[in-house]
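J.: There's a structure below that I have some questions on.
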Amino acid sequence: MPTLLALETSCDESAAAVVRDQRVLASAVASQVEEHARWGGVVPEIASRRHVEALPALIEQVMAESGLAFGELDAIAATAAPGLVGALLVGSVTGRSLARLHNKPFVAVHHLEGHLCSVQLGDPLPPGPYLVLLVSGGHTEMIRVDGPGRYQRLARSRDDAAGEAFDKVARLLDLGYPGGPAIQAAAERGDPRRFALPKGRVSLPEGGFHPYDFSFSGLKTAVLRLVNQLKAESERGGEPFPLADVAASFEQVVADVLVERTTRCARDQGLNTLVLVGGVAANRRLRARLEQRCGELGIQWRLAPLAYCTDNAAMIAVAAEQRFSAGACSPIDLAVAPRLALEQAPVLYEPQPAF
Ligand code: KG4
Ligand code: ZN
């Protein structure tokens, strides 16, 4: 039953957590969102600097809350890929320094494997392979999981990630950054069926459409056109701009398309469990739509607990614990990789550093 301290600094949340046997002893997140909001998105240079400032206090806090001394840890983990290179380096260098100092093994973690493992912080999963819909600010993917570390990507977005679509549409609705929570709040009392928006299909060179892949860039353009048209009508003396209905209609079409294609893929693959993880998995309408559709189709479902949908270190610790329990650890001089496919995660555990 290993106990691990994990650090997460791949984007704009600094986080630390102590986890033992998939149980969170302590978890803390310092969000930089307000600072980046002024610029309408993440500024890499600011992110790195804030990680440097936030991490020491976060580490002290989770160690104190766990009631453990460094000597009682079995390993120290940090996200090493993918993400902003400067931001990743802060967590990785801090984790590796602590590991060296306290003579503990270091475990590098792939950020997406962390998101996949976030579901293990909730109700236990049914046995057997399952299909994960991973929806975050940088990724929208369906991943078949056949066991720890055994992943196969079955679908992806061809352009914007779902979270990116939320962020971009929020910007054109003047709702600020990050877009997901802002759109969810604006959509609360809106009519989700008032405006029909496109579901963004991906054409195949041989004709027809890809059965599972997503495309969100056309949806963003359609919202822009709708907004311009509605604003012009309102300026000509029509009804006030129906922000709630536009936000709700956008949220609904994203939830519909994500759930439709993922349940179809699960059925085609003969997978009877569907898992939802990532920042966008915090979206209430998406969670409700997935539960409803899985219920109708007789598919079992598990949603990542709300607290562990957006970036956090508890999920990184669970991923690290899984690798460590299987005998893996990382070289102490392993650097970071801003881009690394999930299937390449094993390179983090090769004796010679891959980068
Ligand atoms: O997983 P995450 O914290 O970071 C990445 O690894 O990308 O995801 C962040 C994304 C942002 O695009 C944010 O707008 C979106 O998740 N998000 C949401 C909600 N909360 C966060 N999207 C829709 N509804 C939400 N409630
Ligand atoms: Zn993430």
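The way I read the labels, and the way they are meant: chains A, B, ... in the order of the structure tokens, residue 1 as the first residue of every chain, and ligand 1 as the first ligand shown, with later ones counted on from there.
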Under the rule of at most 8 Å, produce a per-residue listing of chain A near ligand 2: chain, number, name, the closest pair of atoms, and the distance in Å, as a tab-separated table, using only C-alpha atoms and all ligand atoms.
T.:
residue	atom	partner	partner_atom_place_in_ligand_line	distance
A:Ser10	CA	ligand 2	1 (Zn)	7.7
A:Cys11	CA	ligand 2	1 (Zn)	7.6
A:His111	CA	ligand 2	1 (Zn)	6.5
A:Leu112	CA	ligand 2	1 (Zn)	6.8
A:His115	CA	ligand 2	1 (Zn)	6.5
A:Ser136	CA	ligand 2	1 (Zn)	5.9
A:Gly137	CA	ligand 2	1 (Zn)	6.9
A:Gly138	CA	ligand 2	1 (Zn)	7.4
A:Gly278	CA	ligand 2	1 (Zn)	6.1
A:Gly279	CA	ligand 2	1 (Zn)	6.5
A:Thr310	CA	ligand 2	1 (Zn)	6.1
A:Asp311	CA	ligand 2	1 (Zn)	4.7
A:Asn312	CA	ligand 2	1 (Zn)	7.9
J.: Do you know which residues are within 9 Å of ligand 1 using only C-alpha atoms and all ligand atoms? Can you write them as a ChimeraX atom specification?
T.: /A:10-13,83,111-112,115,134-139,161-168,170,177-185,251,277-286,308-312
J.: Selection from above, N, CA and C atoms, as a tab-separated table (two decimals), in the first residue's frame, can you write it?
T.:
chain	number	residue	atom	x	y	z
A	10	SER	N	1.12	21.32	-15.01
A	10	SER	CA	1.27	21.30	-16.48
A	10	SER	C	0.66	22.51	-17.17
A	11	CYS	N	-0.30	23.19	-16.51
A	11	CYS	CA	-0.94	24.33	-17.17
A	11	CYS	C	-1.10	25.48	-16.16
A	12	ASP	N	-2.35	25.79	-15.79
A	12	ASP	CA	-2.54	26.97	-14.94
A	12	ASP	C	-3.06	26.66	-13.55
A	13	GLU	N	-2.97	25.40	-13.11
A	13	GLU	CA	-3.28	25.09	-11.71
A	13	GLU	C	-2.03	24.49	-11.10
A	83	GLY	N	2.21	19.40	-21.79
A	83	GLY	CA	1.80	20.67	-21.17
A	83	GLY	C	2.75	21.78	-21.58
A	111	HIS	N	0.11	13.47	-18.02
A	111	HIS	CA	-1.07	14.21	-17.53
A	111	HIS	C	-2.39	13.52	-17.89
A	112	LEU	N	-2.49	12.98	-19.11
A	112	LEU	CA	-3.75	12.36	-19.52
A	112	LEU	C	-4.00	11.06	-18.75
A	115	HIS	N	-5.68	12.16	-15.72
A	115	HIS	CA	-7.14	12.35	-15.90
A	115	HIS	C	-7.86	11.00	-15.95
A	134	LEU	N	-12.50	11.50	-22.57
A	134	LEU	CA	-11.65	12.47	-21.88
A	134	LEU	C	-11.85	13.83	-22.55
A	135	VAL	N	-12.42	14.76	-21.80
A	135	VAL	CA	-12.72	16.08	-22.37
A	135	VAL	C	-12.10	17.16	-21.50
A	136	SER	N	-11.05	17.82	-22.03
A	136	SER	CA	-10.39	18.85	-21.23
A	136	SER	C	-10.16	20.08	-22.10
A	137	GLY	N	-9.31	20.99	-21.59
A	137	GLY	CA	-9.03	22.20	-22.35
A	137	GLY	C	-8.16	21.92	-23.57
A	138	GLY	N	-7.36	20.85	-23.51
A	138	GLY	CA	-6.43	20.56	-24.59
A	138	GLY	C	-6.77	19.30	-25.37
A	139	HIS	N	-7.65	18.46	-24.83
A	139	HIS	CA	-7.91	17.15	-25.45
A	139	HIS	C	-9.38	16.79	-25.45
A	161	ALA	N	-10.42	21.28	-28.99
A	161	ALA	CA	-10.89	20.39	-27.93
A	161	ALA	C	-12.21	20.97	-27.39
A	162	ALA	N	-13.00	20.11	-26.73
A	162	ALA	CA	-14.31	20.58	-26.24
A	162	ALA	C	-14.14	21.76	-25.28
A	163	GLY	N	-13.14	21.69	-24.40
A	163	GLY	CA	-12.92	22.78	-23.45
A	163	GLY	C	-12.53	24.07	-24.17
A	164	GLU	N	-11.74	23.90	-25.23
A	164	GLU	CA	-11.33	25.06	-26.03
A	164	GLU	C	-12.56	25.70	-26.68
A	165	ALA	N	-13.50	24.88	-27.14
A	165	ALA	CA	-14.73	25.40	-27.74
A	165	ALA	C	-15.50	26.20	-26.69
A	166	PHE	N	-15.61	25.67	-25.46
A	166	PHE	CA	-16.26	26.42	-24.38
A	166	PHE	C	-15.54	27.76	-24.17
A	167	ASP	N	-14.20	27.72	-24.13
A	167	ASP	CA	-13.45	28.95	-23.86
A	167	ASP	C	-13.62	29.97	-24.98
A	168	LYS	N	-13.61	29.50	-26.24
A	168	LYS	CA	-13.72	30.43	-27.38
A	168	LYS	C	-15.13	31.01	-27.47
A	170	ALA	N	-17.22	31.33	-25.01
A	170	ALA	CA	-17.39	32.25	-23.87
A	170	ALA	C	-16.80	33.62	-24.21
A	177	TYR	N	-12.85	34.19	-19.00
A	177	TYR	CA	-12.07	32.94	-18.99
A	177	TYR	C	-12.00	32.41	-17.55
A	178	PRO	N	-12.06	31.10	-17.29
A	178	PRO	CA	-12.29	30.02	-18.26
A	178	PRO	C	-13.76	29.95	-18.65
A	179	GLY	N	-13.97	29.52	-19.89
A	179	GLY	CA	-15.30	29.60	-20.48
A	179	GLY	C	-16.30	28.59	-19.94
A	180	GLY	N	-15.83	27.39	-19.58
A	180	GLY	CA	-16.77	26.32	-19.18
A	180	GLY	C	-17.70	26.73	-18.04
A	181	PRO	N	-17.12	27.08	-16.89
A	181	PRO	CA	-17.99	27.45	-15.76
A	181	PRO	C	-18.84	28.68	-16.07
A	182	ALA	N	-18.29	29.64	-16.86
A	182	ALA	CA	-19.03	30.87	-17.19
A	182	ALA	C	-20.23	30.55	-18.06
A	183	ILE	N	-20.05	29.67	-19.07
A	183	ILE	CA	-21.17	29.29	-19.94
A	183	ILE	C	-22.21	28.51	-19.14
A	184	GLN	N	-21.74	27.62	-18.29
A	184	GLN	CA	-22.67	26.83	-17.48
A	184	GLN	C	-23.56	27.75	-16.63
A	185	ALA	N	-22.94	28.77	-16.03
A	185	ALA	CA	-23.72	29.70	-15.19
A	185	ALA	C	-24.70	30.50	-16.04
A	251	GLU	N	-24.27	24.58	-25.09
A	251	GLU	CA	-23.94	23.53	-24.13
A	251	GLU	C	-24.64	22.21	-24.50
A	277	VAL	N	-14.17	11.84	-17.87
A	277	VAL	CA	-13.13	12.55	-17.09
A	277	VAL	C	-12.68	13.82	-17.80
A	278	GLY	N	-11.96	14.70	-17.07
A	278	GLY	CA	-11.39	15.93	-17.65
A	278	GLY	C	-12.18	17.15	-17.22
A	279	GLY	N	-11.62	18.33	-17.44
A	279	GLY	CA	-12.24	19.58	-16.98
A	279	GLY	C	-13.69	19.74	-17.43
A	280	VAL	N	-13.98	19.39	-18.69
A	280	VAL	CA	-15.34	19.57	-19.22
A	280	VAL	C	-16.31	18.56	-18.58
A	281	ALA	N	-15.76	17.48	-17.99
A	281	ALA	CA	-16.60	16.50	-17.30
A	281	ALA	C	-17.27	17.12	-16.08
A	282	ALA	N	-16.84	18.33	-15.70
A	282	ALA	CA	-17.51	19.03	-14.58
A	282	ALA	C	-18.84	19.63	-15.03
A	283	ASN	N	-19.08	19.65	-16.34
A	283	ASN	CA	-20.29	20.30	-16.86
A	283	ASN	C	-21.56	19.52	-16.48
A	284	ARG	N	-22.47	20.23	-15.82
A	284	ARG	CA	-23.70	19.58	-15.31
A	284	ARG	C	-24.54	18.98	-16.42
A	285	ARG	N	-24.72	19.75	-17.52
A	285	ARG	CA	-25.59	19.26	-18.60
A	285	ARG	C	-24.99	18.01	-19.23
A	286	LEU	N	-23.67	18.00	-19.40
A	286	LEU	CA	-23.00	16.82	-19.98
A	286	LEU	C	-23.14	15.61	-19.06
A	308	TYR	N	-12.35	16.36	-8.85
A	308	TYR	CA	-11.16	15.84	-9.53
A	308	TYR	C	-11.32	15.85	-11.06
A	309	CYS	N	-12.25	16.66	-11.58
A	309	CYS	CA	-12.40	16.79	-13.04
A	309	CYS	C	-11.34	17.74	-13.59
A	310	THR	N	-11.31	18.96	-13.06
A	310	THR	CA	-10.28	19.91	-13.52
A	310	THR	C	-8.94	19.52	-12.89
A	311	ASP	N	-7.86	20.14	-13.38
A	311	ASP	CA	-6.52	19.69	-13.00
A	311	ASP	C	-6.30	19.68	-11.49
A	312	ASN	N	-5.71	18.59	-11.01
A	312	ASN	CA	-5.43	18.40	-9.58
A	312	ASN	C	-4.29	17.41	-9.45
J.: List every residue of segment 227-317 of chain A that DSSP, applied to the backbone, labels as strand (DSSP E or B), and write the result as a list in words.
T.: Thr273, Leu274, Val275, Leu276, Val277, Gln300, Trp301, Arg302 and Leu303 of chain A
J.: Go ahead and save the picked residues with all heavy atoms, as a short mmCIF file (atom, residue, chain, number, x, y, z; two decimals), in the first residue's frame.
T.:
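For reference, result-v1.cif as written:
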data_model
loop_
_atom_site.label_atom_id
_atom_site.label_comp_id
_atom_site.auth_asym_id
_atom_site.auth_seq_id
_atom_site.Cartn_x
_atom_site.Cartn_y
_atom_site.Cartn_z
N THR A 273 -19.11 -0.33 -20.09
CA THR A 273 -18.91 0.73 -19.09
C THR A 273 -18.33 1.96 -19.76
O THR A 273 -17.38 1.86 -20.53
CB THR A 273 -17.96 0.26 -17.96
OG1 THR A 273 -18.44 -0.95 -17.43
CG2 THR A 273 -17.87 1.30 -16.86
N LEU A 274 -18.92 3.11 -19.44
CA LEU A 274 -18.46 4.38 -20.01
C LEU A 274 -18.02 5.30 -18.87
O LEU A 274 -18.71 5.40 -17.85
CB LEU A 274 -19.63 5.01 -20.76
CG LEU A 274 -19.29 5.65 -22.08
CD1 LEU A 274 -20.54 5.83 -22.90
CD2 LEU A 274 -18.63 6.97 -21.83
N VAL A 275 -16.87 5.94 -19.07
CA VAL A 275 -16.27 6.76 -18.02
C VAL A 275 -16.07 8.18 -18.55
O VAL A 275 -15.65 8.35 -19.70
CB VAL A 275 -14.93 6.14 -17.58
CG1 VAL A 275 -14.09 7.12 -16.79
CG2 VAL A 275 -15.16 4.86 -16.77
N LEU A 276 -16.39 9.18 -17.74
CA LEU A 276 -16.24 10.58 -18.17
C LEU A 276 -15.23 11.28 -17.27
O LEU A 276 -15.42 11.32 -16.05
CB LEU A 276 -17.61 11.27 -18.07
CG LEU A 276 -17.67 12.74 -18.46
CD1 LEU A 276 -17.38 12.93 -19.95
CD2 LEU A 276 -19.06 13.32 -18.14
N VAL A 277 -14.17 11.84 -17.87
CA VAL A 277 -13.13 12.55 -17.09
C VAL A 277 -12.68 13.82 -17.80
O VAL A 277 -12.96 14.02 -18.98
CB VAL A 277 -11.87 11.65 -16.86
CG1 VAL A 277 -12.20 10.36 -16.15
CG2 VAL A 277 -11.16 11.36 -18.18
N GLN A 300 -23.32 0.84 -18.24
CA GLN A 300 -22.94 1.35 -16.92
C GLN A 300 -22.09 2.59 -17.11
O GLN A 300 -21.37 2.70 -18.10
CB GLN A 300 -22.14 0.30 -16.15
CG GLN A 300 -22.86 -1.02 -16.03
CD GLN A 300 -22.18 -1.89 -15.00
OE1 GLN A 300 -22.16 -1.59 -13.83
NE2 GLN A 300 -21.59 -2.97 -15.47
N TRP A 301 -22.10 3.51 -16.15
CA TRP A 301 -21.28 4.71 -16.28
C TRP A 301 -20.65 5.09 -14.95
O TRP A 301 -21.16 4.74 -13.90
CB TRP A 301 -22.10 5.87 -16.83
CG TRP A 301 -23.10 6.41 -15.84
CD1 TRP A 301 -22.90 7.40 -14.93
CD2 TRP A 301 -24.46 5.98 -15.66
NE1 TRP A 301 -24.04 7.62 -14.20
CE2 TRP A 301 -25.02 6.76 -14.63
CE3 TRP A 301 -25.26 5.00 -16.28
CZ2 TRP A 301 -26.33 6.59 -14.19
CZ3 TRP A 301 -26.56 4.85 -15.83
CH2 TRP A 301 -27.08 5.64 -14.81
N ARG A 302 -19.50 5.76 -15.06
CA ARG A 302 -18.83 6.34 -13.89
C ARG A 302 -18.35 7.73 -14.29
O ARG A 302 -17.74 7.90 -15.36
CB ARG A 302 -17.61 5.51 -13.49
CG ARG A 302 -17.92 4.16 -12.89
CD ARG A 302 -18.48 4.29 -11.47
NE ARG A 302 -18.70 2.98 -10.88
CZ ARG A 302 -19.80 2.21 -11.09
NH1 ARG A 302 -20.76 2.63 -11.89
NH2 ARG A 302 -19.91 1.03 -10.52
N LEU A 303 -18.63 8.71 -13.44
CA LEU A 303 -18.17 10.07 -13.70
C LEU A 303 -17.05 10.38 -12.72
O LEU A 303 -17.15 10.03 -11.54
CB LEU A 303 -19.32 11.07 -13.47
CG LEU A 303 -20.66 10.75 -14.14
CD1 LEU A 303 -21.70 11.80 -13.77
CD2 LEU A 303 -20.49 10.70 -15.65
#
J.: Of the candidates A:Val93, A:Val257, A:Glu350, A:Cys329, which shows the shortest atom-to-atom distance to Ala108 of chain A, using only C-alpha atoms?
T.: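 Of A:Val93, A:Val257, A:Glu350, A:Cys329, the one nearest Ala108 of chain A is A:Cys329, counting only C-alpha atoms.
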J.: Quick one: distance from atom CA of Pro126 of chain A to atom CA of Gln344 of chain A in Å, one decimal?
T.: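 According to the coordinates, atom CA of Pro126 of chain A and atom CA of Gln344 of chain A are separated by 26.2 Å.
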J.: Pick out each residue of segment 94-138 of chain A that DSSP on the backbone tags as helix (DSSP H, G or I); I need them as a list in words.
T.: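 Selection result, helix (DSSP H, G or I) within segment 94-138 of chain A: Thr94, Gly95, Arg96, Ser97, Leu98, Ala99, Arg100, Leu101, His111, Leu112, Glu113, Gly114, His115, Leu116, Cys117, Ser118, Val119, Gln120 and Leu121 of chain A.
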J.: I need the residues from that last selection saved to file as a short mmCIF file (atom, residue, chain, number, x, y, z; two decimals), in the first residue's frame (with N, CA, C and O atoms), if you can.
T.:
data_model
loop_
_atom_site.label_atom_id
_atom_site.label_comp_id
_atom_site.auth_asym_id
_atom_site.auth_seq_id
_atom_site.Cartn_x
_atom_site.Cartn_y
_atom_site.Cartn_z
N THR A 94 11.00 20.36 -8.93
CA THR A 94 10.68 20.33 -7.50
C THR A 94 10.54 18.88 -7.03
O THR A 94 11.10 18.49 -6.00
N GLY A 95 9.80 18.07 -7.79
CA GLY A 95 9.60 16.67 -7.41
C GLY A 95 10.90 15.90 -7.37
O GLY A 95 11.17 15.14 -6.43
N ARG A 96 11.74 16.12 -8.39
CA ARG A 96 13.01 15.38 -8.45
C ARG A 96 13.96 15.83 -7.34
O ARG A 96 14.70 15.02 -6.78
N SER A 97 13.93 17.13 -7.01
CA SER A 97 14.79 17.62 -5.93
C SER A 97 14.37 17.01 -4.60
O SER A 97 15.21 16.57 -3.81
N LEU A 98 13.05 16.96 -4.36
CA LEU A 98 12.56 16.37 -3.11
C LEU A 98 12.92 14.88 -3.04
O LEU A 98 13.30 14.36 -2.00
N ALA A 99 12.78 14.22 -4.20
CA ALA A 99 13.09 12.79 -4.24
C ALA A 99 14.57 12.56 -3.90
O ALA A 99 14.92 11.68 -3.10
N ARG A 100 15.45 13.36 -4.48
CA ARG A 100 16.89 13.26 -4.22
C ARG A 100 17.20 13.53 -2.75
O ARG A 100 17.89 12.79 -2.07
N LEU A 101 16.59 14.62 -2.28
CA LEU A 101 16.84 15.07 -0.90
C LEU A 101 16.44 14.02 0.12
O LEU A 101 17.14 13.77 1.10
N HIS A 111 0.11 13.47 -18.02
CA HIS A 111 -1.07 14.21 -17.53
C HIS A 111 -2.39 13.52 -17.89
O HIS A 111 -3.31 13.47 -17.07
N LEU A 112 -2.49 12.98 -19.11
CA LEU A 112 -3.75 12.36 -19.52
C LEU A 112 -4.00 11.06 -18.75
O LEU A 112 -5.14 10.70 -18.47
N GLU A 113 -2.93 10.35 -18.41
CA GLU A 113 -3.09 9.15 -17.58
C GLU A 113 -3.64 9.57 -16.21
O GLU A 113 -4.45 8.86 -15.61
N GLY A 114 -3.20 10.74 -15.74
CA GLY A 114 -3.75 11.29 -14.49
C GLY A 114 -5.25 11.49 -14.62
O GLY A 114 -6.03 11.03 -13.78
N HIS A 115 -5.68 12.16 -15.72
CA HIS A 115 -7.14 12.35 -15.90
C HIS A 115 -7.86 11.00 -15.95
O HIS A 115 -8.91 10.84 -15.35
N LEU A 116 -7.29 10.03 -16.67
CA LEU A 116 -7.94 8.71 -16.76
C LEU A 116 -8.11 8.11 -15.37
O LEU A 116 -9.13 7.48 -15.07
N CYS A 117 -7.11 8.31 -14.50
CA CYS A 117 -7.14 7.71 -13.16
C CYS A 117 -8.05 8.47 -12.20
O CYS A 117 -8.35 7.97 -11.11
N SER A 118 -8.50 9.69 -12.59
CA SER A 118 -9.31 10.49 -11.66
C SER A 118 -10.60 9.75 -11.30
O SER A 118 -11.13 9.92 -10.21
N VAL A 119 -11.08 8.89 -12.21
CA VAL A 119 -12.34 8.19 -11.95
C VAL A 119 -12.17 7.19 -10.80
O VAL A 119 -13.12 6.85 -10.11
N GLN A 120 -10.94 6.75 -10.58
CA GLN A 120 -10.70 5.79 -9.49
C GLN A 120 -10.83 6.43 -8.12
O GLN A 120 -10.80 5.75 -7.10
N LEU A 121 -10.93 7.77 -8.09
CA LEU A 121 -11.14 8.44 -6.80
C LEU A 121 -12.62 8.46 -6.43
O LEU A 121 -13.00 8.97 -5.38
#
J.: For Pro56 of chain A, which residue among A:Thr140, A:Ser203, A:Gln292, A:Ser14 is the nearest when counting only C-alpha atoms?
T.: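 Of A:Thr140, A:Ser203, A:Gln292, A:Ser14, the one nearest Pro56 of chain A, counting only C-alpha atoms, is A:Ser14.
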J.: So, with only C-alpha atoms as the atoms that count, which of A:Leu133, A:Ala317, A:Leu348, A:Pro124 lies closest to Ala266 of chain A?
T.: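 Looking at the shortest contact to Ala266 of chain A, the residue is A:Leu133.
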J.: Write out as a ChimeraX atom specification the residues lying within 8 Å of segment 218-225 of chain A, counting only C-alpha atoms and excluding same-chain residues fewer than 4 positions away.
T.: /A:165,168-169,172,197-200,229,246,250
J.: Would you mind telling me which residue in A:Gly176, A:Leu334, A:Glu260, A:Thr9 lies nearest to His36 of chain A when using only C-alpha atoms?
T.: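 Closest residue, counting only C-alpha atoms: A:Gly176.
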J.: Using only C-alpha atoms, find the one residue out of A:His110, A:Arg339, A:Arg323, A:Arg194 that sits nearest to Ala75 of chain A.
T.: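 Once distances to Ala75 of chain A are computed over only C-alpha atoms, the minimum belongs to A:Arg323.
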J.: Counting only C-alpha atoms, figure out which residue out of A:Ala37, A:Ala80, A:Leu25, A:Val145 gets nearest to Pro353 of chain A.
T.: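 Ranking A:Ala37, A:Ala80, A:Leu25, A:Val145 by distance to Pro353 of chain A, first place goes to A:Ala80.
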J.: Would you list the contacts of Thr263 of chain A as a ChimeraX atom specification, taking every protein, DNA or RNA residue within 10 Å and counting only C-alpha atoms, but skipping same-chain residues closer than 4 positions in sequence?
T.: /A:131,133,212,258-259,267-269,271-274,290,293-294,297,299
J.: Might you pull out every residue within 12 Å of Leu55 of chain A, with only C-alpha atoms counted and same-chain residues fewer than 4 positions away left off, and present them as a ChimeraX atom specification?
T.: /A:6-9,13-17,28-31,47-51,59-62,78,87,90-95,313
J.: Report the distance between atom CA of Ala255 of chain A and atom CA of Asp191 of chain A in Å, rounded to one decimal place.
T.: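 Those two atoms sit 14.4 Å apart.
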